[in-house]
file work-v3.csv (CSV, C-alpha atoms)
chain,number,residue,atom,x,y,z
P,12,ASP,CA,105.7,37.6,76.9
P,13,ARG,CA,107.4,40.6,75.4
P,14,SER,CA,111.0,39.7,75.1
P,15,PHE,CA,112.0,42.9,73.3
P,16,ASP,CA,111.3,46.5,74.2
P,17,VAL,CA,111.8,48.0,70.7
P,18,VAL,CA,112.6,46.4,67.4
P,19,VAL,CA,114.1,48.7,64.7
P,20,ILE,CA,113.8,47.6,61.0
P,21,ALA,CA,116.3,49.6,59.0
P,22,SER,CA,116.8,47.2,56.1
P,23,SER,CA,116.0,47.7,52.4
P,24,THR,CA,112.3,47.6,51.4
P,25,PRO,CA,112.3,44.0,50.0
P,26,ALA,CA,113.3,42.7,53.4
P,27,HIS,CA,110.6,44.5,55.4
P,28,ARG,CA,107.8,42.0,55.0
P,29,ASP,CA,109.7,39.1,56.6
P,30,ALA,CA,111.2,41.4,59.2
P,31,LEU,CA,107.8,42.8,60.2
P,32,ASP,CA,106.3,39.3,60.3
P,33,TRP,CA,109.2,38.2,62.6
P,34,ALA,CA,108.8,41.3,64.8
P,35,VAL,CA,105.1,41.1,65.4
P,36,ALA,CA,105.4,37.5,66.4
P,37,ARG,CA,107.7,38.5,69.3
P,38,ARG,CA,105.2,41.1,70.6
P,39,PRO,CA,107.7,43.8,71.5
P,40,ARG,CA,106.6,47.1,73.1
P,41,LEU,CA,107.1,48.9,69.8
P,42,VAL,CA,108.4,48.4,66.3
P,43,PHE,CA,110.1,51.2,64.3
P,44,CYS,CA,110.3,50.5,60.6
P,45,GLU,CA,111.8,52.5,57.7
P,46,LYS,CA,109.3,53.6,55.1
P,47,PRO,CA,107.6,52.2,53.0
P,48,LEU,CA,106.2,49.3,55.0
P,49,THR,CA,106.5,46.9,52.0
P,50,SER,CA,106.6,47.3,48.2
P,51,ASP,CA,103.2,45.7,48.0
P,52,LEU,CA,100.0,47.3,49.2
P,53,ALA,CA,98.2,44.1,50.0
P,54,ALA,CA,101.1,42.9,52.2
P,55,ALA,CA,101.2,46.3,53.9
P,56,GLU,CA,97.5,46.1,54.7
P,57,ARG,CA,97.9,42.6,56.1
P,58,ILE,CA,100.8,43.5,58.3
P,59,VAL,CA,99.2,46.6,59.7
P,60,GLY,CA,96.1,44.5,60.6
P,61,GLU,CA,98.3,41.9,62.4
P,62,PHE,CA,100.0,44.6,64.4
P,63,ASP,CA,96.7,46.1,65.4
P,64,ALA,CA,95.4,42.6,66.4
P,65,ALA,CA,98.5,42.0,68.5
P,66,ALA,CA,98.3,45.4,70.1
P,67,VAL,CA,101.9,46.1,69.1
P,68,PRO,CA,102.5,49.8,68.2
P,69,LEU,CA,104.1,50.2,64.8
P,70,ALA,CA,105.9,53.5,64.0
P,71,VAL,CA,107.1,54.3,60.5
P,72,ASN,CA,110.1,56.5,59.7
P,73,PHE,CA,109.0,59.2,57.3
P,74,SER,CA,111.9,61.3,58.5
P,75,ARG,CA,110.4,64.7,57.9
P,76,THR,CA,107.7,63.9,60.5
P,77,TRP,CA,110.3,64.5,63.2
P,78,ASP,CA,112.1,67.6,61.6
P,79,SER,CA,111.9,70.7,63.7
P,80,SER,CA,110.9,72.7,60.6
P,81,LEU,CA,107.4,71.3,61.0
P,82,ASP,CA,106.9,73.5,64.1
P,83,VAL,CA,107.6,76.6,61.8
P,84,LEU,CA,105.3,75.2,59.1
P,85,GLN,CA,102.4,75.1,61.6
P,86,GLN,CA,103.1,78.7,62.6
P,87,LEU,CA,102.6,79.9,59.0
P,88,GLY,CA,98.9,79.1,59.1
P,89,ALA,CA,96.7,77.4,56.6
P,90,THR,CA,98.3,76.0,53.4
P,91,ARG,CA,97.1,77.6,50.2
P,92,SER,CA,99.1,75.6,47.6
P,93,VAL,CA,102.0,73.2,47.4
P,94,ASN,CA,104.5,72.8,44.5
P,95,ALA,CA,107.1,70.1,44.4
P,96,THR,CA,109.8,68.5,42.2
P,97,TYR,CA,111.2,65.1,42.9
P,98,SER,CA,113.1,62.2,41.4
P,99,GLY,CA,113.7,58.6,42.4
P,100,GLY,CA,110.3,57.0,42.2
P,101,ILE,CA,106.8,57.4,43.6
P,102,LEU,CA,107.0,54.9,46.5
P,103,ASN,CA,110.6,55.7,47.4
P,104,ASN,CA,110.6,59.5,47.2
P,105,ALA,CA,107.1,61.0,46.4
P,106,SER,CA,105.8,59.1,49.4
P,107,HIS,CA,107.8,61.6,51.6
P,108,LEU,CA,106.0,64.5,49.8
P,109,ILE,CA,102.6,62.9,50.1
P,110,ASP,CA,103.0,61.9,53.8
P,111,LEU,CA,104.2,65.4,54.7
P,112,VAL,CA,101.4,67.2,52.8
P,113,ARG,CA,98.7,64.9,54.1
P,114,ARG,CA,99.9,65.5,57.6
P,115,LYS,CA,99.6,69.3,57.0
P,116,VAL,CA,96.4,69.6,55.0
P,117,GLY,CA,94.4,66.4,55.6
P,118,ALA,CA,93.0,63.8,53.2
P,119,LEU,CA,94.2,64.0,49.6
P,120,GLU,CA,92.4,63.2,46.3
P,121,LEU,CA,94.2,62.2,43.1
P,122,VAL,CA,93.3,64.5,40.2
P,123,TRP,CA,95.8,63.5,37.5
P,124,ALA,CA,98.9,61.4,37.0
P,125,GLY,CA,101.3,61.7,34.0
P,126,PRO,CA,103.6,59.2,32.4
P,127,VAL,CA,106.1,57.2,34.4
P,128,ARG,CA,109.7,58.3,33.8
P,129,SER,CA,112.8,56.1,33.6
P,130,ASP,CA,113.4,56.3,37.4
P,131,GLY,CA,109.9,55.3,38.3
P,132,SER,CA,108.7,58.8,39.0
P,133,ALA,CA,105.6,60.4,37.5
P,134,PRO,CA,104.1,63.9,37.7
P,135,PHE,CA,100.8,64.2,39.5
P,136,VAL,CA,98.2,66.6,40.9
P,137,LEU,CA,96.4,66.2,44.2
P,138,THR,CA,93.8,68.3,45.9
P,139,SER,CA,92.6,68.7,49.5
P,140,GLY,CA,89.6,71.0,49.6
P,141,GLU,CA,90.7,74.2,47.9
P,142,VAL,CA,94.4,73.3,48.2
P,143,THR,CA,96.2,72.1,45.0
P,144,ILE,CA,99.4,70.0,45.2
P,145,ALA,CA,101.4,69.8,42.0
P,146,ALA,CA,104.4,67.5,41.7
P,147,ASN,CA,106.8,67.6,38.8
P,148,VAL,CA,109.7,65.3,38.0
P,149,VAL,CA,113.4,65.5,37.2
P,150,GLU,CA,114.7,62.1,36.3
P,151,ALA,CA,117.4,60.7,38.5
P,152,SER,CA,119.6,60.0,35.5
P,153,HIS,CA,120.0,63.8,35.2
P,154,TYR,CA,120.3,64.6,38.9
P,155,GLY,CA,118.5,63.9,42.2
P,156,ARG,CA,115.9,66.4,43.3
P,157,PHE,CA,113.5,66.8,46.2
P,158,THR,CA,112.0,70.2,46.7
P,159,ILE,CA,108.7,71.2,48.2
P,160,ASP,CA,107.2,74.7,48.5
P,161,PHE,CA,104.4,75.2,51.0
P,162,HIS,CA,102.6,78.5,50.2
P,163,CYS,CA,100.8,79.4,53.5
P,164,GLU,CA,98.8,82.3,54.8
P,165,ARG,CA,101.7,83.8,56.6
P,166,GLY,CA,104.7,82.8,54.5
P,167,LEU,CA,106.5,80.3,52.4
P,168,LEU,CA,108.4,77.2,53.7
P,169,ARG,CA,110.7,75.5,51.3
P,170,TYR,CA,112.3,72.1,51.7
P,171,ASP,CA,115.4,71.9,49.4
P,172,ASP,CA,118.4,69.7,48.9
P,173,SER,CA,116.5,66.4,49.6
P,174,GLY,CA,114.6,68.1,52.4
P,175,PHE,CA,117.8,68.8,54.4
P,176,ALA,CA,117.9,72.5,53.6
P,177,PRO,CA,114.6,74.0,54.8
P,178,SER,CA,114.1,77.7,54.7
P,179,VAL,CA,111.3,80.2,55.5
P,180,ARG,CA,110.1,83.5,54.0
P,181,ARG,CA,107.5,85.3,56.2
P,182,VAL,CA,104.9,87.7,54.9
P,183,GLN,CA,105.8,91.4,55.5
P,184,ASN,CA,104.7,94.8,54.2
P,185,ASP,CA,105.9,95.6,50.7
P,186,ALA,CA,108.2,98.6,50.8
P,187,ARG,CA,107.9,99.2,47.1
P,188,TYR,CA,104.1,99.1,46.9
P,189,PRO,CA,102.3,100.6,50.0
P,190,GLY,CA,99.3,98.7,51.1
P,191,ARG,CA,100.5,95.4,49.6
P,192,ARG,CA,102.1,92.4,51.3
P,193,THR,CA,105.1,90.3,50.0
P,194,LEU,CA,107.5,87.6,51.1
P,195,GLY,CA,110.5,88.7,53.3
P,196,PRO,CA,114.1,87.5,52.9
P,197,VAL,CA,115.0,83.8,53.0
P,198,THR,CA,115.9,82.5,56.5
P,199,PRO,CA,117.6,79.1,56.5
P,200,MET,CA,116.7,76.7,59.2
P,201,ALA,CA,118.8,74.1,61.0
P,202,SER,CA,118.2,70.6,59.9
P,203,GLY,CA,120.1,67.3,59.3
P,204,TYR,CA,119.4,63.6,59.7
P,205,PRO,CA,121.1,62.9,63.1
P,206,PRO,CA,119.2,65.5,65.1
P,207,THR,CA,116.0,64.6,63.3
P,208,LEU,CA,116.4,61.0,64.1
P,209,MET,CA,117.1,61.9,67.8
P,210,ARG,CA,113.8,63.7,67.8
P,211,ALA,CA,112.2,60.6,66.4
P,212,TYR,CA,113.5,58.4,69.3
P,213,ASP,CA,112.4,61.1,71.8
P,214,HIS,CA,108.9,60.8,70.4
P,215,LEU,CA,109.0,57.0,70.6
P,216,SER,CA,110.1,57.3,74.2
P,217,ASP,CA,107.2,59.6,74.9
P,218,HIS,CA,104.9,57.1,73.4
P,219,LEU,CA,106.2,54.2,75.5
P,220,GLU,CA,106.5,56.2,78.8
P,221,HIS,CA,103.5,58.6,78.5
P,222,GLY,CA,101.2,57.2,75.9
P,223,THR,CA,101.8,60.0,73.4
P,224,PRO,CA,100.1,59.1,70.1
P,225,LEU,CA,102.5,58.1,67.4
P,226,ALA,CA,102.9,60.9,64.8
P,227,SER,CA,103.7,58.4,62.1
P,228,SER,CA,102.1,55.0,62.6
P,229,GLY,CA,101.4,51.9,60.5
P,230,ARG,CA,97.9,53.3,59.7
P,231,THR,CA,99.2,56.7,58.6
P,232,ALA,CA,101.9,55.0,56.5
P,233,LEU,CA,99.3,52.7,55.0
P,234,ALA,CA,97.2,55.8,54.0
P,235,THR,CA,100.3,57.2,52.2
P,236,GLN,CA,101.1,54.0,50.5
P,237,THR,CA,97.5,53.6,49.3
P,238,LEU,CA,97.7,57.0,47.6
P,239,CYS,CA,101.1,56.2,46.1
P,240,THR,CA,99.6,52.9,44.7
P,241,ARG,CA,96.7,54.9,43.2
P,242,ILE,CA,99.1,57.2,41.5
P,243,MET,CA,101.1,54.3,40.0
P,244,GLU,CA,97.8,52.7,38.8
P,245,HIS,CA,96.6,55.9,37.1
P,246,THR,CA,99.8,57.0,35.4
P,247,ALA,CA,99.2,57.8,31.7
call {"tool": "encode", "arguments": {"input": "work-v3.csv", "output": "structure tokens"}}
result
Amino acid sequence: DRSFDVVVIASSTPAHRDALDWAVARRPRLVFCEKPLTSDLAAAERIVGEFDAAAVPLAVNFSRTWDSSLDVLQQLGATRSVNATYSGGILNNASHLIDLVRRKVGALELVWAGPVRSDGSAPFVLTSGEVTIAANVVEASHYGRFTIDFHCERGLLRYDDSGFAPSVRRVQNDARYPGRRTLGPVTPMASGYPPTLMRAYDHLSDHLEHGTPLASSGRTALATQTLCTRIMEHTA
């Protein structure tokens, strides 16, 4: 007896576990939860298993999943390398980077993790096939930072200003050196949290009405959290 259509969990991370347990017991048509699922990997694994067993769809709000810039990123072709700088902790902020990169290039392997800084962040290196992903840190006590550069076959896409200032530089002929290719001028792209969240709810509606697969589910969030936990376990 589904007494709710959609349950939205927008509380702080420590409250997620109890809220998700409450929600799955009500068997709504869908639950939409802020990332991360919980602060504890074992609890996240249990919760995702319970949602699967109850056949309750679980969507997780990694906000850049819904950003229109992803359409442009796909147009730039295969990713060749990714460079990032972040602050604010591995599970809180680096998870956005990991989820976005994993969505673009596929499964990721941890190569190296450096020492944890005062804000819970740590530098790390990941790989996916021939693609290298390098993440550096600026401690939050200095200033907040979240920047990602996707170097792709047909251009560079940058997420700056906590991801809310995306821009693209497309490959063009180099006027200075005939026969060579270079990056063109910076083209800012529209972004912002309200329109991004509206795209998220449009996607959830498509899932409920037409069965469109969830772009960010409990299972994909669990994969991201598993890698975040591995990084935290392997910090020097």
call {"tool": "closest_atom_pairs", "arguments": {"input": "work-v3.csv", "of": "region 33-108 of chain P", "to": "region 211-215 of chain P", "cutoff": "9 Å", "atoms": "only C-alpha atoms", "output": "Markdown table"}}
result
| residue | atom | partner | partner_atom | distance |
| --- | --- | --- | --- | --- |
| P:Leu41 | CA | P:Leu215 | CA | 8.4 |
| P:Phe43 | CA | P:Leu215 | CA | 8.6 |
| P:Ala70 | CA | P:Leu215 | CA | 8.1 |
| P:Asn72 | CA | P:Ala211 | CA | 8.1 |
| P:Ser74 | CA | P:Ala211 | CA | 7.9 |
| P:Thr76 | CA | P:Ala211 | CA | 8.1 |
| P:Trp77 | CA | P:Ala211 | CA | 5.4 |
| P:Asp78 | CA | P:Ala211 | CA | 8.5 |
call {"tool": "atom_distance", "arguments": {"input": "work-v3.csv", "atom1": "CA of Gln86 (chain P)", "atom2": "CA of Asn147 (chain P)"}}
result
26.5 Å
call {"tool": "closest_residue", "arguments": {"input": "work-v3.csv", "among": "P:Arg180, P:Arg187, P:Arg156, P:Arg28", "to": "Ala53 (chain P)", "atoms": "all atoms listed in the file"}}
result
P:Arg28
call {"tool": "closest_residue", "arguments": {"input": "work-v3.csv", "among": "P:Ser50, P:Asn103, P:Thr90, P:Ser22", "to": "Gly166 (chain P)", "atoms": "only C-alpha atoms"}}
result
P:Thr90
call {"tool": "residues_around", "arguments": {"input": "work-v3.csv", "residues": "Val18 (chain P)", "least_positions_apart": "4", "cutoff": "12 Å", "atoms": "all atoms listed in the file", "output": "PDB file with C-alpha atoms, in the coordinates of the input"}}
result
ATOM      1  CA  ARG P  13     107.400  40.600  75.400  1.00  0.00           C
ATOM      2  CA  SER P  14     111.000  39.700  75.100  1.00  0.00           C
ATOM      3  CA  ALA P  30     111.200  41.400  59.200  1.00  0.00           C
ATOM      4  CA  LEU P  31     107.800  42.800  60.200  1.00  0.00           C
ATOM      5  CA  ASP P  32     106.300  39.300  60.300  1.00  0.00           C
ATOM      6  CA  TRP P  33     109.200  38.200  62.600  1.00  0.00           C
ATOM      7  CA  ALA P  34     108.800  41.300  64.800  1.00  0.00           C
ATOM      8  CA  VAL P  35     105.100  41.100  65.400  1.00  0.00           C
ATOM      9  CA  ALA P  36     105.400  37.500  66.400  1.00  0.00           C
ATOM     10  CA  ARG P  37     107.700  38.500  69.300  1.00  0.00           C
ATOM     11  CA  ARG P  38     105.200  41.100  70.600  1.00  0.00           C
ATOM     12  CA  PRO P  39     107.700  43.800  71.500  1.00  0.00           C
ATOM     13  CA  ARG P  40     106.600  47.100  73.100  1.00  0.00           C
ATOM     14  CA  LEU P  41     107.100  48.900  69.800  1.00  0.00           C
ATOM     15  CA  VAL P  42     108.400  48.400  66.300  1.00  0.00           C
ATOM     16  CA  PHE P  43     110.100  51.200  64.300  1.00  0.00           C
ATOM     17  CA  CYS P  44     110.300  50.500  60.600  1.00  0.00           C
ATOM     18  CA  GLU P  45     111.800  52.500  57.700  1.00  0.00           C
ATOM     19  CA  VAL P  67     101.900  46.100  69.100  1.00  0.00           C
ATOM     20  CA  PRO P  68     102.500  49.800  68.200  1.00  0.00           C
ATOM     21  CA  LEU P  69     104.100  50.200  64.800  1.00  0.00           C
ATOM     22  CA  ALA P  70     105.900  53.500  64.000  1.00  0.00           C
ATOM     23  CA  VAL P  71     107.100  54.300  60.500  1.00  0.00           C
ATOM     24  CA  LEU P 215     109.000  57.000  70.600  1.00  0.00           C
TER      25      LEU P 215
END
call {"tool": "atom_distance", "arguments": {"input": "work-v3.csv", "atom1": "CA of Asp130 (chain P)", "atom2": "CA of Phe157 (chain P)"}}
result
13.7 Å
call {"tool": "closest_residue", "arguments": {"input": "work-v3.csv", "among": "P:Asp217, P:Asp160, P:Asp110, P:Asp172", "to": "Lys46 (chain P)", "atoms": "all atoms listed in the file"}}
result
P:Asp110
call {"tool": "atom_distance", "arguments": {"input": "work-v3.csv", "atom1": "CA of Gly203 (chain P)", "atom2": "CA of Gly88 (chain P)"}}
result
24.3 Å
call {"tool": "closest_residue", "arguments": {"input": "work-v3.csv", "among": "P:Ala26, P:Val149, P:Ala118, P:Val142", "to": "Cys163 (chain P)", "atoms": "all atoms listed in the file"}}
result
P:Val142
call {"tool": "closest_residue", "arguments": {"input": "work-v3.csv", "among": "P:Val182, P:Ser106, P:Ile101, P:Ser92", "to": "Ala124 (chain P)", "atoms": "all atoms listed in the file"}}
result
P:Ile101
call {"tool": "closest_residue", "arguments": {"input": "work-v3.csv", "among": "P:Leu111, P:Ala234, P:Ala89, P:Met200", "to": "His162 (chain P)", "atoms": "only C-alpha atoms"}}
result
P:Ala89
call {"tool": "residues_around", "arguments": {"input": "work-v3.csv", "residues": "region 176-178 of chain P", "least_positions_apart": "2", "cutoff": "10 Å", "atoms": "all atoms listed in the file", "output": "PyMOL selection string"}}
result
chain P and resi 78-81+83+158-160+167-174+180+196-203
call {"tool": "write_last_selection", "arguments": {"input": "work-v3.csv", "atoms": "C-alpha atoms", "output": "mmCIF file, keeping the file's coordinate frame"}}
result
data_model
loop_
_atom_site.group_PDB
_atom_site.id
_atom_site.type_symbol
_atom_site.label_atom_id
_atom_site.label_comp_id
_atom_site.auth_asym_id
_atom_site.auth_seq_id
_atom_site.Cartn_x
_atom_site.Cartn_y
_atom_site.Cartn_z
ATOM 1 C CA ASP P 78 112.100 67.600 61.600
ATOM 2 C CA SER P 79 111.900 70.700 63.700
ATOM 3 C CA SER P 80 110.900 72.700 60.600
ATOM 4 C CA LEU P 81 107.400 71.300 61.000
ATOM 5 C CA VAL P 83 107.600 76.600 61.800
ATOM 6 C CA THR P 158 112.000 70.200 46.700
ATOM 7 C CA ILE P 159 108.700 71.200 48.200
ATOM 8 C CA ASP P 160 107.200 74.700 48.500
ATOM 9 C CA LEU P 167 106.500 80.300 52.400
ATOM 10 C CA LEU P 168 108.400 77.200 53.700
ATOM 11 C CA ARG P 169 110.700 75.500 51.300
ATOM 12 C CA TYR P 170 112.300 72.100 51.700
ATOM 13 C CA ASP P 171 115.400 71.900 49.400
ATOM 14 C CA ASP P 172 118.400 69.700 48.900
ATOM 15 C CA SER P 173 116.500 66.400 49.600
ATOM 16 C CA GLY P 174 114.600 68.100 52.400
ATOM 17 C CA ARG P 180 110.100 83.500 54.000
ATOM 18 C CA PRO P 196 114.100 87.500 52.900
ATOM 19 C CA VAL P 197 115.000 83.800 53.000
ATOM 20 C CA THR P 198 115.900 82.500 56.500
ATOM 21 C CA PRO P 199 117.600 79.100 56.500
ATOM 22 C CA MET P 200 116.700 76.700 59.200
ATOM 23 C CA ALA P 201 118.800 74.100 61.000
ATOM 24 C CA SER P 202 118.200 70.600 59.900
ATOM 25 C CA GLY P 203 120.100 67.300 59.300
#
call {"tool": "residues_near_point", "arguments": {"input": "work-v3.csv", "point": "(100.9, 66.7, 65.0)", "cutoff": "10 Å", "atoms": "all atoms listed in the file", "output": "PyMOL selection string"}}
result
chain P and resi 76-77+81-82+85+114-115+224-227
call {"tool": "residues_around", "arguments": {"input": "work-v3.csv", "residues": "Glu56 (chain P)", "least_positions_apart": "4", "cutoff": "7 Å", "atoms": "only C-alpha atoms", "output": "ChimeraX atom specification"}}
result
/P:52,60,233
call {"tool": "residues_around", "arguments": {"input": "work-v3.csv", "residues": "Ala151 (chain P)", "least_positions_apart": "5", "cutoff": "9 Å", "atoms": "all atoms listed in the file", "output": "PyMOL selection string"}}
result
chain P and resi 97-100+129-130+132+156
call {"tool": "write_last_selection", "arguments": {"input": "work-v3.csv", "atoms": "C-alpha atoms", "output": "compact mmCIF listing (two decimals), in the coordinates of the input"}}
result
# COMPACT_ATOMS: atom_id res chain seq x y z
CA TYR P 97 111.20 65.10 42.90
CA SER P 98 113.10 62.20 41.40
CA GLY P 99 113.70 58.60 42.40
CA GLY P 100 110.30 57.00 42.20
CA SER P 129 112.80 56.10 33.60
CA ASP P 130 113.40 56.30 37.40
CA SER P 132 108.70 58.80 39.00
CA ARG P 156 115.90 66.40 43.30
call {"tool": "build_atoms", "arguments": {"input": "work-v3.csv", "residues": "region 43-65 of chain P", "atoms": "N, CA, C and O atoms", "output": "mmCIF file, keeping the file's coordinate frame"}}
result
data_model
loop_
_atom_site.group_PDB
_atom_site.id
_atom_site.type_symbol
_atom_site.label_atom_id
_atom_site.label_comp_id
_atom_site.auth_asym_id
_atom_site.auth_seq_id
_atom_site.Cartn_x
_atom_site.Cartn_y
_atom_site.Cartn_z
ATOM 1 N N PHE P 43 109.792 49.998 65.107
ATOM 2 C CA PHE P 43 110.100 51.200 64.300
ATOM 3 C C PHE P 43 110.667 50.771 63.007
ATOM 4 O O PHE P 43 111.763 50.207 62.946
ATOM 5 N N CYS P 44 109.927 51.021 61.916
ATOM 6 C CA CYS P 44 110.300 50.500 60.600
ATOM 7 C C CYS P 44 110.539 51.660 59.619
ATOM 8 O O CYS P 44 109.803 52.657 59.621
ATOM 9 N N GLU P 45 111.559 51.503 58.780
ATOM 10 C CA GLU P 45 111.800 52.500 57.700
ATOM 11 C C GLU P 45 110.581 52.417 56.726
ATOM 12 O O GLU P 45 109.928 51.387 56.560
ATOM 13 N N LYS P 46 110.311 53.549 56.091
ATOM 14 C CA LYS P 46 109.300 53.600 55.100
ATOM 15 C C LYS P 46 109.859 53.020 53.751
ATOM 16 O O LYS P 46 111.088 53.044 53.570
ATOM 17 N N PRO P 47 109.042 52.523 52.818
ATOM 18 C CA PRO P 47 107.600 52.200 53.000
ATOM 19 C C PRO P 47 107.543 50.846 53.780
ATOM 20 O O PRO P 47 108.541 50.127 53.920
ATOM 21 N N LEU P 48 106.346 50.528 54.239
ATOM 22 C CA LEU P 48 106.200 49.300 55.000
ATOM 23 C C LEU P 48 106.636 48.096 54.153
ATOM 24 O O LEU P 48 107.427 47.265 54.609
ATOM 25 N N THR P 49 106.114 47.972 52.948
ATOM 26 C CA THR P 49 106.500 46.900 52.000
ATOM 27 C C THR P 49 106.378 47.557 50.598
ATOM 28 O O THR P 49 105.845 48.659 50.444
ATOM 29 N N SER P 50 106.807 46.828 49.594
ATOM 30 C CA SER P 50 106.600 47.300 48.200
ATOM 31 C C SER P 50 105.276 46.917 47.648
ATOM 32 O O SER P 50 104.951 47.289 46.521
ATOM 33 N N ASP P 51 104.464 46.186 48.424
ATOM 34 C CA ASP P 51 103.200 45.700 48.000
ATOM 35 C C ASP P 51 102.086 46.116 48.915
ATOM 36 O O ASP P 51 102.166 45.874 50.116
ATOM 37 N N LEU P 52 101.052 46.780 48.391
ATOM 38 C CA LEU P 52 100.000 47.300 49.200
ATOM 39 C C LEU P 52 99.244 46.260 50.003
ATOM 40 O O LEU P 52 98.942 46.433 51.193
ATOM 41 N N ALA P 53 98.924 45.151 49.349
ATOM 42 C CA ALA P 53 98.200 44.100 50.000
ATOM 43 C C ALA P 53 98.951 43.549 51.224
ATOM 44 O O ALA P 53 98.376 43.290 52.297
ATOM 45 N N ALA P 54 100.263 43.384 51.061
ATOM 46 C CA ALA P 54 101.100 42.900 52.200
ATOM 47 C C ALA P 54 101.120 43.937 53.291
ATOM 48 O O ALA P 54 101.074 43.583 54.479
ATOM 49 N N ALA P 55 101.192 45.218 52.934
ATOM 50 C CA ALA P 55 101.200 46.300 53.900
ATOM 51 C C ALA P 55 99.890 46.278 54.735
ATOM 52 O O ALA P 55 99.887 46.429 55.958
ATOM 53 N N GLU P 56 98.766 46.103 54.045
ATOM 54 C CA GLU P 56 97.500 46.100 54.700
ATOM 55 C C GLU P 56 97.392 44.888 55.694
ATOM 56 O O GLU P 56 96.914 45.029 56.830
ATOM 57 N N ARG P 57 97.874 43.733 55.254
ATOM 58 C CA ARG P 57 97.900 42.600 56.100
ATOM 59 C C ARG P 57 98.713 42.785 57.365
ATOM 60 O O ARG P 57 98.296 42.477 58.495
ATOM 61 N N ILE P 58 99.908 43.334 57.159
ATOM 62 C CA ILE P 58 100.800 43.500 58.300
ATOM 63 C C ILE P 58 100.284 44.515 59.285
ATOM 64 O O ILE P 58 100.329 44.280 60.500
ATOM 65 N N VAL P 59 99.732 45.626 58.819
ATOM 66 C CA VAL P 59 99.200 46.600 59.700
ATOM 67 C C VAL P 59 98.026 46.002 60.529
ATOM 68 O O VAL P 59 97.880 46.225 61.745
ATOM 69 N N GLY P 60 97.196 45.185 59.872
ATOM 70 C CA GLY P 60 96.100 44.500 60.600
ATOM 71 C C GLY P 60 96.636 43.560 61.651
ATOM 72 O O GLY P 60 96.059 43.468 62.756
ATOM 73 N N GLU P 61 97.727 42.861 61.373
ATOM 74 C CA GLU P 61 98.300 41.900 62.400
ATOM 75 C C GLU P 61 98.894 42.698 63.549
ATOM 76 O O GLU P 61 98.780 42.245 64.699
ATOM 77 N N PHE P 62 99.520 43.835 63.293
ATOM 78 C CA PHE P 62 100.000 44.600 64.400
ATOM 79 C C PHE P 62 98.888 45.170 65.261
ATOM 80 O O PHE P 62 98.975 45.176 66.492
ATOM 81 N N ASP P 63 97.814 45.609 64.616
ATOM 82 C CA ASP P 63 96.700 46.100 65.400
ATOM 83 C C ASP P 63 96.089 44.949 66.238
ATOM 84 O O ASP P 63 95.778 45.152 67.426
ATOM 85 N N ALA P 64 95.940 43.768 65.647
ATOM 86 C CA ALA P 64 95.400 42.600 66.400
ATOM 87 C C ALA P 64 96.228 42.217 67.555
ATOM 88 O O ALA P 64 95.706 41.783 68.594
ATOM 89 N N ALA P 65 97.545 42.348 67.406
ATOM 90 C CA ALA P 65 98.500 42.000 68.500
ATOM 91 C C ALA P 65 98.704 43.088 69.484
ATOM 92 O O ALA P 65 99.417 42.888 70.471
#
